>>> print(open('upload.pdb').read())   # PDB, C-alpha atoms and all ligand atoms
ATOM      1  CA  MET A 328      19.814 102.103  20.639  1.00  0.00           C
ATOM      2  CA  ASP A 329      20.888 100.172  23.732  1.00  0.00           C
ATOM      3  CA  PRO A 330      18.133  99.479  26.247  1.00  0.00           C
ATOM      4  CA  ARG A 331      18.098 102.012  29.042  1.00  0.00           C
ATOM      5  CA  PRO A 332      15.976 102.791  32.092  1.00  0.00           C
ATOM      6  CA  ALA A 333      13.229 105.354  31.567  1.00  0.00           C
ATOM      7  CA  PRO A 334      13.245 108.462  33.764  1.00  0.00           C
ATOM      8  CA  VAL A 335      10.579 108.253  36.456  1.00  0.00           C
ATOM      9  CA  ARG A 336       9.041 110.724  38.883  1.00  0.00           C
ATOM     10  CA  PRO A 337      11.042 110.510  42.134  1.00  0.00           C
ATOM     11  CA  ASP A 338       7.879 110.902  44.213  1.00  0.00           C
ATOM     12  CA  LEU A 339       6.468 107.715  42.693  1.00  0.00           C
ATOM     13  CA  VAL A 340       9.395 105.410  43.499  1.00  0.00           C
ATOM     14  CA  ALA A 341       8.232 102.536  45.706  1.00  0.00           C
ATOM     15  CA  PRO A 342       9.218 102.921  49.348  1.00  0.00           C
ATOM     16  CA  GLY A 343      11.865 100.536  50.619  1.00  0.00           C
ATOM     17  CA  THR A 344      13.875 100.304  47.390  1.00  0.00           C
ATOM     18  CA  THR A 345      17.588 101.077  47.615  1.00  0.00           C
ATOM     19  CA  PRO A 346      20.469 100.515  45.167  1.00  0.00           C
ATOM     20  CA  ALA A 347      21.655  97.679  47.412  1.00  0.00           C
ATOM     21  CA  LEU A 348      18.576  95.738  46.420  1.00  0.00           C
ATOM     22  CA  PHE A 349      19.119  95.559  42.644  1.00  0.00           C
ATOM     23  CA  GLU A 350      18.721  92.042  41.326  1.00  0.00           C
ATOM     24  CA  PRO A 351      18.700  90.642  37.786  1.00  0.00           C
ATOM     25  CA  VAL A 352      15.199  89.800  36.580  1.00  0.00           C
ATOM     26  CA  LEU A 353      15.385  89.342  32.793  1.00  0.00           C
ATOM     27  CA  ALA A 354      17.794  89.475  29.876  1.00  0.00           C
ATOM     28  CA  ALA A 355      17.311  92.803  28.111  1.00  0.00           C
ATOM     29  CA  ALA A 356      17.164  90.955  24.779  1.00  0.00           C
ATOM     30  CA  GLU A 357      13.943  89.302  25.962  1.00  0.00           C
ATOM     31  CA  LEU A 358      12.200  92.664  26.293  1.00  0.00           C
ATOM     32  CA  PRO A 359      12.306  94.410  22.910  1.00  0.00           C
ATOM     33  CA  GLU A 360      10.838  97.904  22.621  1.00  0.00           C
ATOM     34  CA  GLY A 361       7.055  97.777  22.645  1.00  0.00           C
ATOM     35  CA  SER A 362       6.857  94.632  24.762  1.00  0.00           C
ATOM     36  CA  MET A 363       5.866  93.876  28.353  1.00  0.00           C
ATOM     37  CA  ARG A 364       6.710  91.009  30.698  1.00  0.00           C
ATOM     38  CA  ARG A 365       5.683  89.972  34.185  1.00  0.00           C
ATOM     39  CA  VAL A 366       8.413  88.903  36.596  1.00  0.00           C
ATOM     40  CA  THR A 367       7.561  87.530  40.012  1.00  0.00           C
ATOM     41  CA  ARG A 368       9.591  87.552  43.198  1.00  0.00           C
ATOM     42  CA  GLY A 369       7.806  86.053  46.199  1.00  0.00           C
ATOM     43  CA  ASP A 370       4.350  87.591  46.276  1.00  0.00           C
ATOM     44  CA  LEU A 371       5.427  90.622  44.246  1.00  0.00           C
ATOM     45  CA  ASP A 372       4.428  90.683  40.555  1.00  0.00           C
ATOM     46  CA  VAL A 373       6.327  93.312  38.596  1.00  0.00           C
ATOM     47  CA  LEU A 374       5.525  94.616  35.132  1.00  0.00           C
ATOM     48  CA  LEU A 375       8.507  95.363  32.924  1.00  0.00           C
ATOM     49  CA  ALA A 376       7.586  97.577  29.988  1.00  0.00           C
ATOM     50  CA  HIS A 377       9.956  98.723  27.253  1.00  0.00           C
ATOM     51  CA  THR A 378       8.610 102.087  26.153  1.00  0.00           C
ATOM     52  CA  PRO A 379      10.122 104.599  23.694  1.00  0.00           C
ATOM     53  CA  ASP A 380      11.467 106.435  26.784  1.00  0.00           C
ATOM     54  CA  GLY A 381      13.158 103.292  28.107  1.00  0.00           C
ATOM     55  CA  ILE A 382      12.378 100.427  30.453  1.00  0.00           C
ATOM     56  CA  VAL A 383      10.131 100.871  33.481  1.00  0.00           C
ATOM     57  CA  ALA A 384       9.241  98.499  36.306  1.00  0.00           C
ATOM     58  CA  VAL A 385       5.954  98.939  38.163  1.00  0.00           C
ATOM     59  CA  ASP A 386       3.566  96.673  40.026  1.00  0.00           C
ATOM     60  CA  ASP A 387       1.835  94.308  37.627  1.00  0.00           C
ATOM     61  CA  ARG A 388      -1.470  95.379  39.120  1.00  0.00           C
ATOM     62  CA  CYS A 389      -3.754  97.870  37.469  1.00  0.00           C
ATOM     63  CA  PRO A 390      -4.014 101.038  39.598  1.00  0.00           C
ATOM     64  CA  HIS A 391      -7.793 100.567  39.381  1.00  0.00           C
ATOM     65  CA  MET A 392      -8.756  97.054  40.537  1.00  0.00           C
ATOM     66  CA  SER A 393      -5.462  95.172  40.308  1.00  0.00           C
ATOM     67  CA  ALA A 394      -5.867  93.302  37.011  1.00  0.00           C
ATOM     68  CA  PRO A 395      -2.541  92.167  35.497  1.00  0.00           C
ATOM     69  CA  LEU A 396      -1.422  94.859  33.066  1.00  0.00           C
ATOM     70  CA  SER A 397       1.144  92.476  31.560  1.00  0.00           C
ATOM     71  CA  ILE A 398      -1.688  90.904  29.522  1.00  0.00           C
ATOM     72  CA  GLY A 399      -2.971  94.318  28.441  1.00  0.00           C
ATOM     73  CA  THR A 400      -1.506  96.336  25.595  1.00  0.00           C
ATOM     74  CA  LEU A 401       1.338  98.824  25.357  1.00  0.00           C
ATOM     75  CA  ASP A 402       1.093 101.721  22.911  1.00  0.00           C
ATOM     76  CA  GLY A 403       4.110 103.971  23.202  1.00  0.00           C
ATOM     77  CA  CYS A 404       4.238 104.898  26.884  1.00  0.00           C
ATOM     78  CA  VAL A 405       0.557 104.101  27.528  1.00  0.00           C
ATOM     79  CA  VAL A 406      -0.479 100.765  28.973  1.00  0.00           C
ATOM     80  CA  ALA A 407      -4.118  99.699  28.638  1.00  0.00           C
ATOM     81  CA  CYS A 408      -5.741  97.382  31.140  1.00  0.00           C
ATOM     82  CA  PRO A 409      -7.466  94.209  29.891  1.00  0.00           C
ATOM     83  CA  LEU A 410     -10.342  94.532  32.382  1.00  0.00           C
ATOM     84  CA  HIS A 411     -12.158  97.911  32.324  1.00  0.00           C
ATOM     85  CA  GLU A 412     -10.376  99.740  29.486  1.00  0.00           C
ATOM     86  CA  GLY A 413      -8.460 102.032  31.802  1.00  0.00           C
ATOM     87  CA  ALA A 414      -5.253 103.371  30.231  1.00  0.00           C
ATOM     88  CA  PHE A 415      -2.277 104.781  32.082  1.00  0.00           C
ATOM     89  CA  ASP A 416       0.784 106.802  31.080  1.00  0.00           C
ATOM     90  CA  LEU A 417       3.918 105.083  32.330  1.00  0.00           C
ATOM     91  CA  ARG A 418       5.830 108.401  32.110  1.00  0.00           C
ATOM     92  CA  THR A 419       3.675 110.033  34.739  1.00  0.00           C
ATOM     93  CA  GLY A 420       1.674 107.312  36.474  1.00  0.00           C
ATOM     94  CA  GLU A 421      -1.502 109.176  35.529  1.00  0.00           C
ATOM     95  CA  PRO A 422      -4.646 107.715  33.932  1.00  0.00           C
ATOM     96  CA  VAL A 423      -5.184 108.868  30.359  1.00  0.00           C
ATOM     97  CA  ARG A 424      -8.504 107.055  30.101  1.00  0.00           C
ATOM     98  CA  MET A 425     -10.604 106.355  33.158  1.00  0.00           C
ATOM     99  CA  PRO A 426     -11.936 102.798  33.607  1.00  0.00           C
ATOM    100  CA  THR A 427     -15.428 102.125  32.288  1.00  0.00           C
ATOM    101  CA  THR A 428     -16.621 101.761  35.882  1.00  0.00           C
ATOM    102  CA  GLY A 429     -15.889 105.417  36.612  1.00  0.00           C
ATOM    103  CA  GLY A 430     -14.819 106.228  40.147  1.00  0.00           C
ATOM    104  CA  LEU A 431     -12.246 108.538  41.627  1.00  0.00           C
ATOM    105  CA  ASP A 432      -9.061 109.550  39.854  1.00  0.00           C
ATOM    106  CA  PRO A 433      -5.788 109.845  41.819  1.00  0.00           C
ATOM    107  CA  ASP A 434      -6.692 113.385  42.832  1.00  0.00           C
ATOM    108  CA  GLY A 435     -10.067 112.300  44.163  1.00  0.00           C
ATOM    109  CA  ARG A 436     -12.179 113.720  41.331  1.00  0.00           C
ATOM    110  CA  TYR A 437     -15.214 111.637  40.434  1.00  0.00           C
ATOM    111  CA  HIS A 438     -15.701 110.302  36.891  1.00  0.00           C
ATOM    112  CA  PRO A 439     -19.019 108.703  35.896  1.00  0.00           C
ATOM    113  CA  THR A 440     -19.252 105.295  34.228  1.00  0.00           C
ATOM    114  CA  TRP A 441     -18.177 105.425  30.614  1.00  0.00           C
ATOM    115  CA  SER A 442     -19.091 103.536  27.433  1.00  0.00           C
ATOM    116  CA  PRO A 443     -17.134 103.318  24.192  1.00  0.00           C
ATOM    117  CA  ALA A 444     -18.309 105.516  21.319  1.00  0.00           C
ATOM    118  CA  GLY A 445     -21.241 103.978  19.462  1.00  0.00           C
ATOM    119  CA  LYS A 446     -22.508 102.021  22.469  1.00  0.00           C
ATOM    120  CA  ASP A 447     -25.423 102.931  24.695  1.00  0.00           C
ATOM    121  CA  PRO A 448     -24.455 104.614  27.960  1.00  0.00           C
ATOM    122  CA  LYS A 449     -24.049 102.022  30.673  1.00  0.00           C
ATOM    123  CA  VAL A 450     -26.733 102.057  33.336  1.00  0.00           C
ATOM    124  CA  ASP A 451     -25.331 101.818  36.839  1.00  0.00           C
ATOM    125  CA  PRO A 452     -28.225 100.733  39.069  1.00  0.00           C
ATOM    126  CA  PRO A 453     -28.021 102.363  42.488  1.00  0.00           C
ATOM    127  CA  GLY A 454     -26.958 100.189  45.406  1.00  0.00           C
ATOM    128  CA  LEU A 455     -23.942  99.030  47.302  1.00  0.00           C
ATOM    129  CA  LYS A 456     -22.017  97.921  44.186  1.00  0.00           C
ATOM    130  CA  ALA A 457     -22.560 101.277  42.482  1.00  0.00           C
ATOM    131  CA  GLU A 458     -21.386 102.990  45.658  1.00  0.00           C
ATOM    132  CA  ALA A 459     -18.284 100.781  45.721  1.00  0.00           C
ATOM    133  CA  ARG A 460     -17.518 101.658  42.080  1.00  0.00           C
ATOM    134  CA  ARG A 461     -18.046 105.340  42.808  1.00  0.00           C
ATOM    135  CA  LEU A 462     -15.611 105.244  45.709  1.00  0.00           C
ATOM    136  CA  THR A 463     -12.974 103.093  44.001  1.00  0.00           C
ATOM    137  CA  ARG A 464      -9.933 105.232  43.396  1.00  0.00           C
ATOM    138  CA  VAL A 465      -7.495 104.892  40.517  1.00  0.00           C
ATOM    139  CA  ARG A 466      -4.017 105.247  41.945  1.00  0.00           C
ATOM    140  CA  ARG A 467      -0.704 106.214  40.470  1.00  0.00           C
ATOM    141  CA  PHE A 468       1.922 103.575  39.784  1.00  0.00           C
ATOM    142  CA  ARG A 469       4.724 102.744  42.151  1.00  0.00           C
ATOM    143  CA  TYR A 470       7.997 102.445  40.290  1.00  0.00           C
ATOM    144  CA  TYR A 471      10.929 100.187  41.031  1.00  0.00           C
ATOM    145  CA  PRO A 472      14.386 101.501  40.056  1.00  0.00           C
ATOM    146  CA  VAL A 473      15.810  99.859  36.922  1.00  0.00           C
ATOM    147  CA  ARG A 474      19.336  99.507  35.583  1.00  0.00           C
ATOM    148  CA  ILE A 475      20.920  97.464  32.806  1.00  0.00           C
ATOM    149  CA  VAL A 476      24.099  95.578  33.678  1.00  0.00           C
ATOM    150  CA  ASP A 477      25.873  93.226  31.246  1.00  0.00           C
ATOM    151  CA  GLY A 478      22.723  92.811  29.178  1.00  0.00           C
ATOM    152  CA  GLN A 479      20.554  92.003  32.194  1.00  0.00           C
ATOM    153  CA  ILE A 480      17.664  94.110  33.413  1.00  0.00           C
ATOM    154  CA  GLU A 481      18.103  94.645  37.139  1.00  0.00           C
ATOM    155  CA  VAL A 482      15.343  95.959  39.360  1.00  0.00           C
ATOM    156  CA  ALA A 483      15.615  97.205  42.941  1.00  0.00           C
ATOM    157  CA  LEU A 484      12.839  95.417  44.777  1.00  0.00           C
ATOM    158  CA  PRO A 485      11.851  96.068  48.376  1.00  0.00           C
ATOM    159  CA  GLU A 486      13.115  93.587  50.936  1.00  0.00           C
ATOM    160  CA  ARG A 487      10.744  90.679  51.387  1.00  0.00           C
TER     161      ARG A 487
HETATM  162  S1  LIG B   1      -8.769  96.752  36.761  1.00  0.00           S
HETATM  163 FE1  LIG B   1      -7.781  97.888  35.217  1.00  0.00          FE
HETATM  164  S2  LIG B   1      -9.225  99.315  34.502  1.00  0.00           S
HETATM  165 FE2  LIG B   1     -10.194  98.216  36.078  1.00  0.00          FE
END
>>> encode(input="upload.pdb", output="structure tokens")
Amino acid sequence: MDPRPAPVRPDLVAPGTTPALFEPVLAAAELPEGSMRRVTRGDLDVLLAHTPDGIVAVDDRCPHMSAPLSIGTLDGCVVACPLHEGAFDLRTGEPVRMPTTGGLDPDGRYHPTWSPAGKDPKVDPPGLKAEARRLTRVRRFRYYPVRIVDGQIEVALPER
């Protein structure tokens, strides 16, 4: 099947993107299904991910603490962060696994620190760092509009 943009939630489209701002960022052939790439324009790092639903473009910054998701893993529509094991659904922008540090989900609900099965629960000594982890919020992705023109992936990026 030809590469195509994935549908995205309109309320999660990044502000300041308009069709006039589409620019080519990568040949579609360089992003086979199941792969991810970082493209950079100025100080903006964008993650391109080719999911079974199509191609999405989001900030290449984990919605938790900004690690580059492009060096994480992509499983279907779920991208996993290389830093704290957070995993996020690119169809919805929602976390499907909270980071090991716990914290607040996008709706402000608190999740305690988490350890993988078979490992001892992680102790989070009280103090300023624990408070910072507790108050760190996982956010939803911001999406950049995508289209495919003449075999090129084009992304509408905000004016810089
Ligand atoms: S920075 Fe990605 S899960 Fe923490």
>>> resolve_selection(input="upload.pdb", expression="the PyMOL selection byres (((not hetatm)) within 9 of (chain B and resi 1))", output="MDAnalysis selection string")
chainID A and resid 388:396 407:414 424:428 465
>>> atom_distance(input="upload.pdb", atom1="CA of Val406 in chain A", atom2="CA of Ala354 in chain A")
21.5 Å
>>> resolve_selection(input="upload.pdb", expression="the PyMOL selection byres (((chain A and resi 380) around 12) and not hetatm)", output="MDAnalysis selection string")
chainID A and resid 328:335 360:361 376:379 381:383 403:405 416:419
>>> write_last_selection(input="upload.pdb", atoms="C-alpha atoms", output="PDB file, in the frame of the given file")
ATOM      1  CA  MET A 328      19.814 102.103  20.639  1.00  0.00           C
ATOM      2  CA  ASP A 329      20.888 100.172  23.732  1.00  0.00           C
ATOM      3  CA  PRO A 330      18.133  99.479  26.247  1.00  0.00           C
ATOM      4  CA  ARG A 331      18.098 102.012  29.042  1.00  0.00           C
ATOM      5  CA  PRO A 332      15.976 102.791  32.092  1.00  0.00           C
ATOM      6  CA  ALA A 333      13.229 105.354  31.567  1.00  0.00           C
ATOM      7  CA  PRO A 334      13.245 108.462  33.764  1.00  0.00           C
ATOM      8  CA  VAL A 335      10.579 108.253  36.456  1.00  0.00           C
ATOM      9  CA  GLU A 360      10.838  97.904  22.621  1.00  0.00           C
ATOM     10  CA  GLY A 361       7.055  97.777  22.645  1.00  0.00           C
ATOM     11  CA  ALA A 376       7.586  97.577  29.988  1.00  0.00           C
ATOM     12  CA  HIS A 377       9.956  98.723  27.253  1.00  0.00           C
ATOM     13  CA  THR A 378       8.610 102.087  26.153  1.00  0.00           C
ATOM     14  CA  PRO A 379      10.122 104.599  23.694  1.00  0.00           C
ATOM     15  CA  GLY A 381      13.158 103.292  28.107  1.00  0.00           C
ATOM     16  CA  ILE A 382      12.378 100.427  30.453  1.00  0.00           C
ATOM     17  CA  VAL A 383      10.131 100.871  33.481  1.00  0.00           C
ATOM     18  CA  GLY A 403       4.110 103.971  23.202  1.00  0.00           C
ATOM     19  CA  CYS A 404       4.238 104.898  26.884  1.00  0.00           C
ATOM     20  CA  VAL A 405       0.557 104.101  27.528  1.00  0.00           C
ATOM     21  CA  ASP A 416       0.784 106.802  31.080  1.00  0.00           C
ATOM     22  CA  LEU A 417       3.918 105.083  32.330  1.00  0.00           C
ATOM     23  CA  ARG A 418       5.830 108.401  32.110  1.00  0.00           C
ATOM     24  CA  THR A 419       3.675 110.033  34.739  1.00  0.00           C
TER      25      THR A 419
END
>>> residues_near_point(input="upload.pdb", point="(11.2, 88.4, 35.0)", cutoff="7 Å", atoms="all atoms listed in the file", output="list in words")
Val352, Leu353, Arg364, Arg365, Val366 and Thr367 of chain A
>>> closest_residue(input="upload.pdb", among="A:Val450, A:Ala347, A:Val340, A:Leu371", to="Asp387 in chain A", atoms="all atoms listed in the file")
A:Leu371
>>> closest_residue(input="upload.pdb", among="A:Pro485, A:Gly369, A:Gly420, A:Gly399", to="Phe349 in chain A", atoms="all atoms listed in the file")
A:Pro485
>>> atom_distance(input="upload.pdb", atom1="CA of Glu481 in chain A", atom2="CA of Leu401 in chain A")
20.9 Å
>>> axis_aligned_box(input="upload.pdb", around="range 391-397 of chain A", padding_each_side="6 Å", output="JSON")
{"center_x": -3.8, "center_y": 96.4, "center_z": 36.0, "size_x": 21.9, "size_y": 20.4, "size_z": 21.0}
>>> residues_near_point(input="upload.pdb", point="(-21.4, 102.9, 42.7)", cutoff="12 Å", atoms="only C-alpha atoms", output="MDAnalysis selection string")
chainID A and resid 428:431 437:440 450:464
>>> closest_residue(input="upload.pdb", among="A:Leu484, A:Arg467, A:Asp370, A:Trp441", to="Pro342 in chain A", atoms="only C-alpha atoms")
A:Leu484
>>> atom_distance(input="upload.pdb", atom1="CA of Glu357 in chain A", atom2="CA of Gln479 in chain A")
9.5 Å
>>> closest_residue(input="upload.pdb", among="A:Asp477, A:Ala384, A:Pro448, A:Pro472", to="Pro337 in chain A", atoms="all atoms listed in the file")
A:Pro472
>>> residues_around(input="upload.pdb", residues="Leu339 in chain A", least_positions_apart="2", cutoff="7 Å", atoms="all atoms listed in the file", output="MDAnalysis selection string")
chainID A and resid 336:337 341 468:470
>>> write_last_selection(input="upload.pdb", atoms="C-alpha atoms", output="PDB file, in the coordinates of the input")
ATOM      1  CA  ARG A 336       9.041 110.724  38.883  1.00  0.00           C
ATOM      2  CA  PRO A 337      11.042 110.510  42.134  1.00  0.00           C
ATOM      3  CA  ALA A 341       8.232 102.536  45.706  1.00  0.00           C
ATOM      4  CA  PHE A 468       1.922 103.575  39.784  1.00  0.00           C
ATOM      5  CA  ARG A 469       4.724 102.744  42.151  1.00  0.00           C
ATOM      6  CA  TYR A 470       7.997 102.445  40.290  1.00  0.00           C
TER       7      TYR A 470
END
>>> decode(input="upload.pdb", residues="range 448-459 of chain A", atoms="all heavy atoms", output="short mmCIF file (atom, residue, chain, number, x, y, z; two decimals), in the first residue's frame")
data_model
loop_
_atom_site.label_atom_id
_atom_site.label_comp_id
_atom_site.auth_asym_id
_atom_site.auth_seq_id
_atom_site.Cartn_x
_atom_site.Cartn_y
_atom_site.Cartn_z
N PRO A 448 10.07 -3.44 44.04
CA PRO A 448 9.52 -2.10 43.87
C PRO A 448 10.59 -1.04 44.14
O PRO A 448 11.41 -1.20 45.03
CB PRO A 448 8.41 -2.03 44.93
CG PRO A 448 8.14 -3.44 45.31
CD PRO A 448 9.37 -4.23 45.04
N LYS A 449 10.57 -0.01 43.33
CA LYS A 449 11.59 1.03 43.46
C LYS A 449 11.26 1.93 44.65
O LYS A 449 10.11 2.37 44.80
CB LYS A 449 11.64 1.84 42.19
CG LYS A 449 12.96 2.51 41.98
CD LYS A 449 13.27 2.86 40.54
CE LYS A 449 12.22 3.65 39.83
NZ LYS A 449 12.54 4.05 38.50
N VAL A 450 12.26 2.17 45.48
CA VAL A 450 12.05 3.07 46.62
C VAL A 450 12.28 4.49 46.13
O VAL A 450 13.23 4.76 45.40
CB VAL A 450 13.05 2.73 47.75
CG1 VAL A 450 12.88 3.70 48.91
CG2 VAL A 450 12.84 1.29 48.22
N ASP A 451 11.39 5.37 46.48
CA ASP A 451 11.52 6.77 46.07
C ASP A 451 11.70 7.60 47.33
O ASP A 451 10.71 8.02 47.95
CB ASP A 451 10.26 7.20 45.29
CG ASP A 451 10.52 8.43 44.45
OD1 ASP A 451 11.70 8.79 44.26
OD2 ASP A 451 9.54 9.03 43.97
N PRO A 452 12.95 7.82 47.77
CA PRO A 452 13.15 8.53 49.03
C PRO A 452 12.50 9.91 48.98
O PRO A 452 12.56 10.58 47.95
CB PRO A 452 14.68 8.67 49.13
CG PRO A 452 15.25 7.79 48.08
CD PRO A 452 14.19 7.57 47.05
N PRO A 453 11.85 10.31 50.07
CA PRO A 453 11.19 11.61 50.06
C PRO A 453 12.21 12.73 49.89
O PRO A 453 13.37 12.56 50.22
CB PRO A 453 10.50 11.67 51.43
CG PRO A 453 11.18 10.65 52.27
CD PRO A 453 11.74 9.61 51.36
N GLY A 454 11.76 13.86 49.38
CA GLY A 454 12.66 14.99 49.19
C GLY A 454 12.24 15.76 47.95
O GLY A 454 11.24 15.43 47.30
N LEU A 455 13.05 16.73 47.63
CA LEU A 455 12.70 17.61 46.51
C LEU A 455 12.63 16.86 45.18
O LEU A 455 11.74 17.11 44.36
CB LEU A 455 13.74 18.74 46.43
CG LEU A 455 13.35 19.95 45.59
CD1 LEU A 455 12.05 20.58 46.09
CD2 LEU A 455 14.48 20.98 45.59
N LYS A 456 13.55 15.89 44.96
CA LYS A 456 13.53 15.16 43.69
C LYS A 456 12.27 14.30 43.58
O LYS A 456 11.66 14.21 42.51
CB LYS A 456 14.78 14.29 43.56
CG LYS A 456 16.02 15.10 43.23
CD LYS A 456 17.19 14.19 42.95
CE LYS A 456 18.41 15.01 42.57
NZ LYS A 456 19.60 14.17 42.35
N ALA A 457 11.89 13.66 44.68
CA ALA A 457 10.66 12.86 44.66
C ALA A 457 9.46 13.76 44.38
O ALA A 457 8.54 13.39 43.63
CB ALA A 457 10.49 12.12 45.98
N GLU A 458 9.47 14.94 44.98
CA GLU A 458 8.37 15.88 44.74
C GLU A 458 8.33 16.31 43.27
O GLU A 458 7.27 16.41 42.66
CB GLU A 458 8.55 17.10 45.66
CG GLU A 458 7.42 18.10 45.62
CD GLU A 458 6.12 17.60 46.25
OE1 GLU A 458 6.03 16.40 46.57
OE2 GLU A 458 5.20 18.41 46.39
N ALA A 459 9.52 16.53 42.70
CA ALA A 459 9.58 16.92 41.28
C ALA A 459 9.05 15.79 40.41
O ALA A 459 8.30 16.03 39.45
CB ALA A 459 11.02 17.27 40.90
#
